[in-house]
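Data from start33.pdb: PDB, C-alpha atoms and all ligand atoms
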```pdb
ATOM      1  CA  MET A  16      88.450  25.662-243.624  1.00  0.00           C
ATOM      2  CA  ARG A  17      86.763  23.843-246.474  1.00  0.00           C
ATOM      3  CA  ILE A  18      84.789  21.701-244.014  1.00  0.00           C
ATOM      4  CA  ALA A  19      83.617  24.771-242.123  1.00  0.00           C
ATOM      5  CA  LEU A  20      82.525  26.416-245.355  1.00  0.00           C
ATOM      6  CA  THR A  21      80.640  23.299-246.458  1.00  0.00           C
ATOM      7  CA  PHE A  22      78.925  23.134-243.088  1.00  0.00           C
ATOM      8  CA  ALA A  23      77.913  26.797-243.322  1.00  0.00           C
ATOM      9  CA  MET A  24      76.426  26.217-246.771  1.00  0.00           C
ATOM     10  CA  LEU A  25      74.475  23.212-245.485  1.00  0.00           C
ATOM     11  CA  VAL A  26      73.029  25.226-242.606  1.00  0.00           C
ATOM     12  CA  LEU A  27      72.018  28.024-244.941  1.00  0.00           C
ATOM     13  CA  ALA A  28      70.365  25.512-247.275  1.00  0.00           C
ATOM     14  CA  LEU A  29      68.142  24.069-244.540  1.00  0.00           C
ATOM     15  CA  PRO A  30      64.563  25.297-244.712  1.00  0.00           C
ATOM     16  CA  ALA A  31      63.660  27.783-242.037  1.00  0.00           C
ATOM     17  CA  TYR A  32      60.919  26.626-239.731  1.00  0.00           C
ATOM     18  CA  ALA A  33      57.938  28.924-239.790  1.00  0.00           C
ATOM     19  CA  ALA A  34      57.060  30.275-236.388  1.00  0.00           C
ATOM     20  CA  GLY A  35      53.577  30.983-235.145  1.00  0.00           C
ATOM     21  CA  HIS A  36      52.709  34.240-233.419  1.00  0.00           C
ATOM     22  CA  THR A  37      49.543  35.163-231.573  1.00  0.00           C
ATOM     23  CA  VAL A  38      47.860  38.542-231.262  1.00  0.00           C
ATOM     24  CA  GLN A  39      45.056  38.880-228.744  1.00  0.00           C
ATOM     25  CA  ILE A  40      42.241  41.289-229.490  1.00  0.00           C
ATOM     26  CA  LYS A  41      40.864  42.534-226.206  1.00  0.00           C
ATOM     27  CA  GLY A  42      39.436  45.804-224.937  1.00  0.00           C
ATOM     28  CA  MET A  43      39.453  47.248-228.491  1.00  0.00           C
ATOM     29  CA  LYS A  44      43.208  46.740-228.736  1.00  0.00           C
ATOM     30  CA  PHE A  45      45.634  44.404-230.451  1.00  0.00           C
ATOM     31  CA  SER A  46      48.110  42.880-228.042  1.00  0.00           C
ATOM     32  CA  PRO A  47      50.880  43.013-228.984  1.00  0.00           C
ATOM     33  CA  ALA A  48      50.128  45.796-231.446  1.00  0.00           C
ATOM     34  CA  ARG A  49      53.616  45.584-232.946  1.00  0.00           C
ATOM     35  CA  LEU A  50      55.340  42.370-233.785  1.00  0.00           C
ATOM     36  CA  GLN A  51      58.392  41.211-235.674  1.00  0.00           C
ATOM     37  CA  VAL A  52      58.107  38.069-237.733  1.00  0.00           C
ATOM     38  CA  ALA A  53      59.999  36.243-240.441  1.00  0.00           C
ATOM     39  CA  VAL A  54      58.562  35.850-243.926  1.00  0.00           C
ATOM     40  CA  GLY A  55      56.645  32.561-243.887  1.00  0.00           C
ATOM     41  CA  ASP A  56      55.560  32.879-240.260  1.00  0.00           C
ATOM     42  CA  THR A  57      51.922  32.755-239.277  1.00  0.00           C
ATOM     43  CA  VAL A  58      50.017  35.144-237.043  1.00  0.00           C
ATOM     44  CA  THR A  59      46.874  34.042-235.246  1.00  0.00           C
ATOM     45  CA  PHE A  60      44.491  36.839-234.308  1.00  0.00           C
ATOM     46  CA  ALA A  61      42.250  35.754-231.440  1.00  0.00           C
ATOM     47  CA  ASN A  62      39.219  37.894-230.657  1.00  0.00           C
ATOM     48  CA  ALA A  63      38.676  37.869-226.887  1.00  0.00           C
ATOM     49  CA  ASP A  64      36.190  40.744-227.085  1.00  0.00           C
ATOM     50  CA  SER A  65      32.421  40.363-227.144  1.00  0.00           C
ATOM     51  CA  ILE A  66      32.126  42.299-230.416  1.00  0.00           C
ATOM     52  CA  ARG A  67      33.359  41.672-233.950  1.00  0.00           C
ATOM     53  CA  HIS A  68      36.761  42.794-235.155  1.00  0.00           C
ATOM     54  CA  THR A  69      39.020  42.346-238.145  1.00  0.00           C
ATOM     55  CA  ALA A  70      42.773  42.491-238.577  1.00  0.00           C
ATOM     56  CA  THR A  71      43.241  43.850-242.067  1.00  0.00           C
ATOM     57  CA  ALA A  72      46.595  44.837-243.576  1.00  0.00           C
ATOM     58  CA  LEU A  73      46.414  48.182-245.356  1.00  0.00           C
ATOM     59  CA  ASP A  74      48.695  46.845-248.115  1.00  0.00           C
ATOM     60  CA  GLY A  75      46.388  43.892-248.694  1.00  0.00           C
ATOM     61  CA  SER A  76      48.953  41.351-247.520  1.00  0.00           C
ATOM     62  CA  PHE A  77      46.570  39.706-245.031  1.00  0.00           C
ATOM     63  CA  ASP A  78      43.014  39.948-243.750  1.00  0.00           C
ATOM     64  CA  THR A  79      41.254  37.908-241.093  1.00  0.00           C
ATOM     65  CA  GLY A  80      37.826  38.990-242.242  1.00  0.00           C
ATOM     66  CA  ARG A  81      35.233  39.648-239.554  1.00  0.00           C
ATOM     67  CA  LEU A  82      35.997  37.701-236.399  1.00  0.00           C
ATOM     68  CA  ALA A  83      33.028  37.058-234.167  1.00  0.00           C
ATOM     69  CA  ALA A  84      33.466  37.060-230.387  1.00  0.00           C
ATOM     70  CA  GLY A  85      35.715  34.246-229.292  1.00  0.00           C
ATOM     71  CA  ARG A  86      36.862  33.385-232.820  1.00  0.00           C
ATOM     72  CA  ALA A  87      40.381  33.335-234.197  1.00  0.00           C
ATOM     73  CA  ALA A  88      41.947  33.361-237.638  1.00  0.00           C
ATOM     74  CA  THR A  89      45.475  32.558-238.746  1.00  0.00           C
ATOM     75  CA  VAL A  90      47.167  34.415-241.572  1.00  0.00           C
ATOM     76  CA  LYS A  91      50.503  33.746-243.235  1.00  0.00           C
ATOM     77  CA  ILE A  92      52.961  36.568-243.759  1.00  0.00           C
ATOM     78  CA  THR A  93      54.407  36.065-247.218  1.00  0.00           C
ATOM     79  CA  THR A  94      56.082  39.386-247.986  1.00  0.00           C
ATOM     80  CA  ALA A  95      58.854  41.276-246.238  1.00  0.00           C
ATOM     81  CA  GLY A  96      58.351  44.787-244.975  1.00  0.00           C
ATOM     82  CA  LYS A  97      56.192  46.773-242.636  1.00  0.00           C
ATOM     83  CA  HIS A  98      52.530  45.804-242.784  1.00  0.00           C
ATOM     84  CA  ASP A  99      50.292  48.241-240.938  1.00  0.00           C
ATOM     85  CA  PHE A 100      46.920  46.761-240.067  1.00  0.00           C
ATOM     86  CA  ARG A 101      43.605  48.033-238.732  1.00  0.00           C
ATOM     87  CA  CYS A 102      40.314  46.768-237.543  1.00  0.00           C
ATOM     88  CA  MET A 103      38.088  47.786-240.446  1.00  0.00           C
ATOM     89  CA  ILE A 104      35.109  48.128-238.082  1.00  0.00           C
ATOM     90  CA  HIS A 105      37.006  50.257-235.536  1.00  0.00           C
ATOM     91  CA  PRO A 106      39.710  52.231-237.391  1.00  0.00           C
ATOM     92  CA  SER A 107      41.257  53.439-234.129  1.00  0.00           C
ATOM     93  CA  MET A 108      42.497  49.872-233.555  1.00  0.00           C
ATOM     94  CA  LYS A 109      45.928  49.731-235.154  1.00  0.00           C
ATOM     95  CA  GLY A 110      48.974  47.525-235.300  1.00  0.00           C
ATOM     96  CA  THR A 111      52.049  46.686-237.343  1.00  0.00           C
ATOM     97  CA  VAL A 112      53.577  43.414-238.438  1.00  0.00           C
ATOM     98  CA  THR A 113      57.160  43.840-239.562  1.00  0.00           C
ATOM     99  CA  ALA A 114      58.470  40.900-241.568  1.00  0.00           C
ATOM    100  CA  LYS A 115      62.090  40.214-242.477  1.00  0.00           C
TER     101      LYS A 115
HETATM  102 CU    CU B 201      37.283  46.208-234.113  1.00  0.00          CU
END
```
Do you think you could lay out the structure here as structure tokens?
Ligand SMILES: [Cu+2]
Amino acid sequence: MRIALTFAMLVLALPAYAAGHTVQIKGMKFSPARLQVAVGDTVTFANADSIRHTATALDGSFDTGRLAAGRAATVKITTAGKHDFRCMIHPSMKGTVTAK
């Protein structure tokens, strides 16, 4: 029992590996538009359209800035919660990153 408990504490003490997620921007849409991540993960927004877009969190938690055609930007999600984001150039383009 004590060994199992010690092992559990060791596992919990190990640093979590940050995962990388990718969101494609194509046809004036984010794909996927909704994603679940862990705090510390990164999200790469890749603009596959021929016009500029941004991925800007409404709570200010991340912002890619203006992404030219074919460009990508990676942001780190550092706070838990639901982060709605928009393209600031095309406000109809919406998405949500939910971080736990
Ligand atoms: Cu846009």
Please expand the PyMOL selection byres (((not hetatm)) within 7 of (chain B and resi 201)) into the concrete residues it hits in this file, giving the result as an MDAnalysis selection string. chainID A and resid 43 67:69 102:105 108
Residues picked by the PyMOL selection byres (((chain A and resi 56) around 10) and not hetatm) here, as a VMD selection string? chain A and resid 31 to 36 51 to 55 57 to 58 90 to 93 114
Evaluate the PyMOL selection byres (((chain A and resi 113) around 9) and not hetatm) here and jot the selected residues down as a PyMOL selection string. chain A and resi 49-53+95-99+111-112+114-115
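For the pair atom CA of Arg86 of chain A and atom CA of Leu73 of chain A, the interatomic distance is 21.6 Å.
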For segment 49-52 of chain A, what centre and edge lengths in Å (one decimal) does the axis-aligned box get once 4 Å is added on each side of all its listed atoms, as lines of an AutoDock Vina configuration file?
```
center_x = 56.0
center_y = 41.8
center_z = -235.3
size_x = 12.8
size_y = 15.5
size_z = 12.8
```
Please provide as a PyMOL selection string all residues within 6 Å of segment 63-65 of chain A, with the sequence filter that same-chain residues fewer than 3 positions apart are discarded (counting only C-alpha atoms). chain A and resi 40-41+84-85
Rank A:Thr94, A:Asp74, A:Gln39, A:Ser107 by their smallest atom-to-atom distance to Asn62 of chain A, using only C-alpha atoms, and report the top residue only.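 Going through A:Thr94, A:Asp74, A:Gln39, A:Ser107 one by one, the smallest distance to Asn62 of chain A is for A:Gln39.
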A:Thr59, A:Thr89, A:Phe100, A:Val38: which is nearest Ala72 of chain A, counting all atoms listed in the file?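 Comparing A:Thr59, A:Thr89, A:Phe100, A:Val38 against Ala72 of chain A, the winner is A:Phe100.
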Just want the 6 Å neighbourhood of Ala70 of chain A, counted on only C-alpha atoms, with same-chain residues fewer than 2 positions away dropped. Output as a count of residues only. 4
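Restricting the calculation to all atoms listed in the file, the smallest distance between Ala88 of chain A and any of A:Pro47, A:Thr71, A:Ile66, A:Lys109 is found for A:Thr71.
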